[in-house]
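Source file: run05.pdb (PDB, C-alpha atoms, pLDDT in the B column)
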```pdb
ATOM      1  CA  MET A 135      16.794  10.237  -3.964  1.00 55.00           C
ATOM      2  CA  ALA A 136      14.868  13.060  -2.410  1.00 63.00           C
ATOM      3  CA  ARG A 137      11.256  12.376  -1.548  1.00 69.00           C
ATOM      4  CA  THR A 138       8.361  14.796  -1.904  1.00 76.00           C
ATOM      5  CA  GLY A 139       6.653  13.737   1.318  1.00 87.00           C
ATOM      6  CA  ILE A 140       3.692  12.415  -0.690  1.00 93.00           C
ATOM      7  CA  ARG A 141       2.964   8.668  -0.761  1.00 95.00           C
ATOM      8  CA  ALA A 142       1.179   6.927  -3.661  1.00 97.00           C
ATOM      9  CA  SER A 143      -0.834   3.885  -2.554  1.00 98.00           C
ATOM     10  CA  ALA A 144      -2.288   0.955  -4.484  1.00 98.00           C
ATOM     11  CA  ILE A 145      -5.665  -0.671  -3.975  1.00 98.00           C
ATOM     12  CA  ILE A 146      -5.240  -4.111  -5.543  1.00 98.00           C
ATOM     13  CA  ILE A 147      -8.353  -6.295  -5.442  1.00 96.00           C
ATOM     14  CA  LYS A 148      -8.735  -9.777  -6.973  1.00 95.00           C
ATOM     15  CA  GLY A 149     -11.360 -12.411  -6.321  1.00 93.00           C
ATOM     16  CA  GLY A 150     -12.871 -10.707  -3.287  1.00 94.00           C
ATOM     17  CA  LYS A 151      -9.473 -10.120  -1.668  1.00 96.00           C
ATOM     18  CA  ILE A 152      -7.249  -7.064  -1.282  1.00 97.00           C
ATOM     19  CA  LEU A 153      -3.450  -7.190  -1.283  1.00 98.00           C
ATOM     20  CA  LEU A 154      -1.981  -5.553   1.826  1.00 98.00           C
ATOM     21  CA  ILE A 155       1.346  -5.390   3.605  1.00 96.00           C
ATOM     22  CA  HIS A 156       1.180  -6.874   7.091  1.00 95.00           C
ATOM     23  CA  ARG A 157       3.659  -4.935   9.175  1.00 94.00           C
ATOM     24  CA  LYS A 158       5.315  -5.198  12.557  1.00 91.00           C
ATOM     25  CA  LYS A 159       7.364  -2.246  13.758  1.00 89.00           C
ATOM     26  CA  ASP A 160       8.297  -0.998  17.219  1.00 86.00           C
ATOM     27  CA  GLY A 161       6.171  -3.713  18.822  1.00 87.00           C
ATOM     28  CA  GLU A 162       3.042  -2.717  16.887  1.00 92.00           C
ATOM     29  CA  GLU A 163       1.292  -4.847  14.298  1.00 94.00           C
ATOM     30  CA  TYR A 164      -0.795  -3.342  11.503  1.00 96.00           C
ATOM     31  CA  TRP A 165      -1.481  -3.437   7.756  1.00 97.00           C
ATOM     32  CA  VAL A 166      -0.766  -0.835   5.068  1.00 96.00           C
ATOM     33  CA  PHE A 167      -1.529  -0.475   1.383  1.00 97.00           C
ATOM     34  CA  PRO A 168       1.314  -1.243  -1.051  1.00 97.00           C
ATOM     35  CA  GLY A 169       2.967   1.940  -2.227  1.00 95.00           C
ATOM     36  CA  GLY A 170       5.537   4.447  -1.170  1.00 93.00           C
ATOM     37  CA  GLY A 171       7.138   7.823  -1.389  1.00 92.00           C
ATOM     38  CA  ILE A 172       7.131   9.863  -4.550  1.00 93.00           C
ATOM     39  CA  GLU A 173      10.605  11.041  -5.498  1.00 92.00           C
ATOM     40  CA  ASP A 174      11.304  14.583  -6.696  1.00 89.00           C
ATOM     41  CA  ASN A 175      11.788  13.495 -10.310  1.00 91.00           C
ATOM     42  CA  GLU A 176       8.650  11.313 -10.549  1.00 94.00           C
ATOM     43  CA  THR A 177       4.990  11.740 -11.263  1.00 95.00           C
ATOM     44  CA  TRP A 178       2.504  10.126  -8.896  1.00 95.00           C
ATOM     45  CA  ASP A 179       1.784   7.487 -11.543  1.00 96.00           C
ATOM     46  CA  GLU A 180       5.469   6.651 -12.025  1.00 96.00           C
ATOM     47  CA  ALA A 181       5.980   6.291  -8.270  1.00 96.00           C
ATOM     48  CA  LEU A 182       2.926   4.050  -7.961  1.00 97.00           C
ATOM     49  CA  ILE A 183       4.144   1.725 -10.727  1.00 97.00           C
ATOM     50  CA  ARG A 184       7.690   1.592  -9.278  1.00 95.00           C
ATOM     51  CA  GLU A 185       6.544   0.997  -5.700  1.00 95.00           C
ATOM     52  CA  VAL A 186       4.035  -1.723  -6.616  1.00 97.00           C
ATOM     53  CA  LYS A 187       6.796  -3.539  -8.526  1.00 96.00           C
ATOM     54  CA  GLU A 188       9.259  -3.199  -5.617  1.00 92.00           C
ATOM     55  CA  GLU A 189       6.775  -4.265  -2.960  1.00 93.00           C
ATOM     56  CA  THR A 190       4.831  -6.994  -4.786  1.00 95.00           C
ATOM     57  CA  ALA A 191       6.920  -8.092  -7.831  1.00 95.00           C
ATOM     58  CA  LEU A 192       3.752  -7.443  -9.870  1.00 97.00           C
ATOM     59  CA  ASP A 193       3.415  -5.025 -12.774  1.00 97.00           C
ATOM     60  CA  VAL A 194       0.651  -2.433 -12.808  1.00 98.00           C
ATOM     61  CA  LYS A 195      -1.319  -3.012 -16.024  1.00 98.00           C
ATOM     62  CA  LYS A 196      -3.990  -0.350 -15.419  1.00 98.00           C
ATOM     63  CA  HIS A 197      -4.493   2.219 -12.711  1.00 98.00           C
ATOM     64  CA  LYS A 198      -6.947   4.964 -11.939  1.00 98.00           C
ATOM     65  CA  LEU A 199      -6.913   7.574  -9.213  1.00 97.00           C
ATOM     66  CA  SER A 200      -9.640   6.529  -6.778  1.00 97.00           C
ATOM     67  CA  PHE A 201      -9.364   9.225  -4.123  1.00 97.00           C
ATOM     68  CA  MET A 202      -7.067  11.663  -2.361  1.00 97.00           C
ATOM     69  CA  ASN A 203      -6.612  11.029   1.331  1.00 95.00           C
ATOM     70  CA  LEU A 204      -5.793  13.806   3.774  1.00 93.00           C
ATOM     71  CA  SER A 205      -3.211  12.562   6.254  1.00 89.00           C
ATOM     72  CA  ASP A 206      -3.731  13.490   9.881  1.00 85.00           C
ATOM     73  CA  ILE A 207       0.032  13.068  10.378  1.00 85.00           C
ATOM     74  CA  ASP A 208       1.381  15.548   7.816  1.00 88.00           C
ATOM     75  CA  ASN A 209      -1.820  17.313   6.688  1.00 90.00           C
ATOM     76  CA  LYS A 210      -0.997  16.497   3.046  1.00 91.00           C
ATOM     77  CA  GLU A 211      -3.183  14.890   0.387  1.00 94.00           C
ATOM     78  CA  HIS A 212      -1.951  11.449  -0.716  1.00 96.00           C
ATOM     79  CA  PRO A 213      -3.217   9.642  -3.862  1.00 97.00           C
ATOM     80  CA  PHE A 214      -4.823   6.186  -3.738  1.00 98.00           C
ATOM     81  CA  TYR A 215      -5.176   4.266  -6.997  1.00 98.00           C
ATOM     82  CA  ILE A 216      -7.316   1.295  -7.970  1.00 98.00           C
ATOM     83  CA  CYS A 217      -4.853  -1.001  -9.761  1.00 98.00           C
ATOM     84  CA  GLU A 218      -5.061  -3.963 -12.057  1.00 97.00           C
ATOM     85  CA  VAL A 219      -1.844  -5.970 -11.837  1.00 97.00           C
ATOM     86  CA  SER A 220      -0.141  -8.748 -13.774  1.00 95.00           C
ATOM     87  CA  GLU A 221      -0.671 -12.404 -12.943  1.00 94.00           C
ATOM     88  CA  GLY A 222       1.842 -14.134 -10.739  1.00 93.00           C
ATOM     89  CA  GLU A 223       2.769 -14.557  -7.122  1.00 93.00           C
ATOM     90  CA  ALA A 224       2.927 -11.403  -5.034  1.00 94.00           C
ATOM     91  CA  LYS A 225       6.247 -11.226  -3.195  1.00 91.00           C
ATOM     92  CA  MET A 226       8.386  -8.467  -1.795  1.00 87.00           C
ATOM     93  CA  ILE A 227      11.529  -7.771  -3.789  1.00 83.00           C
ATOM     94  CA  GLY A 228      12.458  -4.228  -2.743  1.00 75.00           C
ATOM     95  CA  GLU A 229      14.469  -2.691   0.068  1.00 76.00           C
ATOM     96  CA  GLU A 230      11.990  -3.952   2.668  1.00 74.00           C
ATOM     97  CA  THR A 231      13.328  -7.485   2.212  1.00 73.00           C
ATOM     98  CA  GLN A 232      16.729  -6.392   3.545  1.00 73.00           C
ATOM     99  CA  ARG A 233      15.135  -4.698   6.563  1.00 76.00           C
ATOM    100  CA  ASN A 234      13.121  -7.749   7.660  1.00 76.00           C
ATOM    101  CA  SER A 235      13.972  -8.916  11.177  1.00 77.00           C
ATOM    102  CA  PRO A 236      12.028 -10.604  13.990  1.00 79.00           C
ATOM    103  CA  ASP A 237      11.062  -7.174  15.396  1.00 81.00           C
ATOM    104  CA  ASN A 238      10.577  -5.267  12.130  1.00 84.00           C
ATOM    105  CA  TRP A 239       8.936  -7.183   9.288  1.00 90.00           C
ATOM    106  CA  TYR A 240       6.875  -6.842   6.138  1.00 89.00           C
ATOM    107  CA  GLN A 241       4.649  -9.598   4.784  1.00 92.00           C
ATOM    108  CA  LEU A 242       2.315  -9.454   1.790  1.00 95.00           C
ATOM    109  CA  GLU A 243      -1.133 -10.888   2.447  1.00 96.00           C
ATOM    110  CA  TRP A 244      -4.311 -11.282   0.414  1.00 97.00           C
ATOM    111  CA  VAL A 245      -7.078 -10.354   2.844  1.00 97.00           C
ATOM    112  CA  GLU A 246     -10.784 -11.048   2.375  1.00 96.00           C
ATOM    113  CA  LEU A 247     -12.526  -7.747   1.660  1.00 94.00           C
ATOM    114  CA  LYS A 248     -15.274  -8.712   4.099  1.00 94.00           C
ATOM    115  CA  ASN A 249     -12.639  -8.773   6.891  1.00 94.00           C
ATOM    116  CA  LEU A 250     -11.167  -5.357   6.112  1.00 94.00           C
ATOM    117  CA  SER A 251     -13.092  -3.541   8.838  1.00 94.00           C
ATOM    118  CA  GLU A 252     -11.570  -5.842  11.486  1.00 95.00           C
ATOM    119  CA  LEU A 253      -7.959  -5.009  10.607  1.00 96.00           C
ATOM    120  CA  ARG A 254      -5.789  -2.238  11.943  1.00 96.00           C
ATOM    121  CA  LEU A 255      -5.254  -0.900   8.431  1.00 96.00           C
ATOM    122  CA  LEU A 256      -3.492   2.432   8.171  1.00 94.00           C
ATOM    123  CA  PRO A 257      -4.311   5.113   7.379  1.00 94.00           C
ATOM    124  CA  GLU A 258      -7.655   4.533   9.079  1.00 93.00           C
ATOM    125  CA  ASN A 259      -9.508   7.199   7.063  1.00 92.00           C
ATOM    126  CA  ALA A 260      -8.314   5.600   3.791  1.00 94.00           C
ATOM    127  CA  LYS A 261      -9.470   2.201   5.060  1.00 94.00           C
ATOM    128  CA  GLU A 262     -12.977   3.622   5.497  1.00 92.00           C
ATOM    129  CA  LYS A 263     -12.942   4.970   1.933  1.00 94.00           C
ATOM    130  CA  VAL A 264     -11.881   1.588   0.529  1.00 94.00           C
ATOM    131  CA  ILE A 265     -14.617  -0.192   2.502  1.00 92.00           C
ATOM    132  CA  LYS A 266     -17.144   2.115   0.829  1.00 90.00           C
ATOM    133  CA  LEU A 267     -15.751   1.186  -2.619  1.00 86.00           C
ATOM    134  CA  LYS A 268     -16.867  -2.450  -2.257  1.00 64.00           C
TER     135      LYS A 268
END
```

Rewritten as structure tokens:
Amino acid sequence: MARTGIRASAIIIKGGKILLIHRKKDGEEYWVFPGGGIEDNETWDEALIREVKEETALDVKKHKLSFMNLSDIDNKEHPFYICEVSEGEAKMIGEETQRNSPDNWYQLEWVELKNLSELRLLPENAKEKVIKLK
């Protein structure tokens, strides 16, 4: 499927924790928000719901656009949504599971909101906006 170049991201907070993807790639370790590329035939909302399911095995029950984030990489605006998700264990079930290797891995983690500022969470400018949401 063709992608639009826009990425929809989920802000999933429960019990003082935020669900993030801990990532290691090309020798670098960092965290990202669950989400992914919007395909040509999808709305932002549809992509968000699909990507959250693929990356967390959780269903989005409610979502609301929280902010648009201007990327310093592609100079495009990317949507970030506050999401309420179904109960259950968060686990990766999408294509990322096949790409996991010792040098390139994805791991879901619930991180204490109070520790968010200490993480290398990308994109950095979106991290700052989420910290202000608390």

Evaluate the PyMOL selection byres ((chain A and resi 247) around 9) here and jot the selected residues down as a tab-separated table (two decimals) with C-alpha atoms, in the coordinates of the input.
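Wrote result34.tsv, looks like this:
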```tsv
chain	number	residue	atom	x	y	z
A	147	ILE	CA	-8.35	-6.30	-5.44
A	150	GLY	CA	-12.87	-10.71	-3.29
A	151	LYS	CA	-9.47	-10.12	-1.67
A	152	ILE	CA	-7.25	-7.06	-1.28
A	245	VAL	CA	-7.08	-10.35	2.84
A	246	GLU	CA	-10.78	-11.05	2.38
A	248	LYS	CA	-15.27	-8.71	4.10
A	249	ASN	CA	-12.64	-8.77	6.89
A	250	LEU	CA	-11.17	-5.36	6.11
A	251	SER	CA	-13.09	-3.54	8.84
A	265	ILE	CA	-14.62	-0.19	2.50
A	268	LYS	CA	-16.87	-2.45	-2.26
```

Students should find that atom CA of Leu204 of chain A and atom CA of Asn234 of chain A are spaced 28.9 Å

In terms of only C-alpha atoms, the residue from A:Ile155, A:Ile172, A:Leu253, A:Ala260 at minimal distance from Glu185 of chain A is A:Ile172

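Using only C-alpha atoms for every distance, the candidate list A:Lys225, A:Asn209, A:Thr138, A:His156 yields A:Thr138 as the residue closest to Asn175 of chain A.
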
Residues picked by the PyMOL selection byres ((chain A and resi 193) around 8) here, as a short mmCIF file (atom, residue, chain, number, x, y, z; two decimals) with C-alpha atoms, in the frame of the given file?
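Dumped everything to out.cif:
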```cif
data_model
loop_
_atom_site.label_atom_id
_atom_site.label_comp_id
_atom_site.auth_asym_id
_atom_site.auth_seq_id
_atom_site.Cartn_x
_atom_site.Cartn_y
_atom_site.Cartn_z
CA ILE A 183 4.14 1.72 -10.73
CA VAL A 186 4.04 -1.72 -6.62
CA LYS A 187 6.80 -3.54 -8.53
CA ALA A 191 6.92 -8.09 -7.83
CA LEU A 192 3.75 -7.44 -9.87
CA VAL A 194 0.65 -2.43 -12.81
CA LYS A 195 -1.32 -3.01 -16.02
CA VAL A 219 -1.84 -5.97 -11.84
CA SER A 220 -0.14 -8.75 -13.77
#
```

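Atom CA of Pro236 of chain A lies 27.0 Å from atom CA of Gly222 of chain A.
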
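Residues in contact with Glu163 of chain A at up to 10 Å, not including ones fewer than 2 positions away on its chain and judged by all atoms listed in the file, are His156, Arg157, Lys158, Lys159, Asp160, Gly161, Trp165, Asn238, Trp239, Leu253, Arg254 and Leu255 of chain A.
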
Using all atoms listed in the file, the shortest atom-to-atom distance to Asp179 of chain A among A:Ser143, A:Leu154, A:Lys148, A:Lys210 belongs to A:Ser143

Across A:Leu242, A:Val166, A:Ile140, A:Ile207, the smallest distance to Lys261 of chain A, with all atoms listed in the file counted, is shown by A:Val166

Here atom CA of Phe201 of chain A and atom CA of Phe214 of chain A stand apart by 5.5 Å

**Q.** Which of A:Glu188, A:Glu243, A:Glu258, A:Glu252 sits closest to Gly171 of chain A [using all atoms listed in the file]
**A.**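 For Gly171 of chain A, the nearest of the given residues is A:Glu188.
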
Would you mind listing what lies within 6 Å of Ala142 of chain A as a PDB file with C-alpha atoms, keeping the file's coordinate frame, with all atoms listed in the file counted and same-chain residues fewer than 6 positions away left out?
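The resulting file, out.pdb, is shown below:
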```pdb
ATOM      1  CA  GLY A 169       2.967   1.940  -2.227  1.00 95.00           C
ATOM      2  CA  GLY A 170       5.537   4.447  -1.170  1.00 93.00           C
ATOM      3  CA  LEU A 182       2.926   4.050  -7.961  1.00 97.00           C
ATOM      4  CA  PRO A 213      -3.217   9.642  -3.862  1.00 97.00           C
TER       5      PRO A 213
END
```

TODO: Please write the residues picked by the PyMOL selection byres ((chain A and resi 216) around 9) on this file as a list of chain:residue names.
DONE: A:Ser143, A:Ala144, A:Ile145, A:Ile146, A:Ile147, A:Lys196, A:His197, A:Lys198, A:Leu199, A:Ser200, A:Phe214, A:Tyr215, A:Cys217, A:Glu218

For C-alpha atoms, I'd like the residues from the last selection saved as a compact mmCIF listing (two decimals), keeping the file's coordinate frame.
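Produced file part.txt, reproduced below:
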```
# COMPACT_ATOMS: atom_id res chain seq x y z
CA SER A 143 -0.83 3.88 -2.55
CA ALA A 144 -2.29 0.96 -4.48
CA ILE A 145 -5.66 -0.67 -3.98
CA ILE A 146 -5.24 -4.11 -5.54
CA ILE A 147 -8.35 -6.30 -5.44
CA LYS A 196 -3.99 -0.35 -15.42
CA HIS A 197 -4.49 2.22 -12.71
CA LYS A 198 -6.95 4.96 -11.94
CA LEU A 199 -6.91 7.57 -9.21
CA SER A 200 -9.64 6.53 -6.78
CA PHE A 214 -4.82 6.19 -3.74
CA TYR A 215 -5.18 4.27 -7.00
CA CYS A 217 -4.85 -1.00 -9.76
CA GLU A 218 -5.06 -3.96 -12.06
```

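With distances taken over all atoms listed in the file, A:Glu189 is the one residue among A:Glu176, A:Glu162, A:Phe167, A:Glu189 lying closest to Thr231 of chain A.
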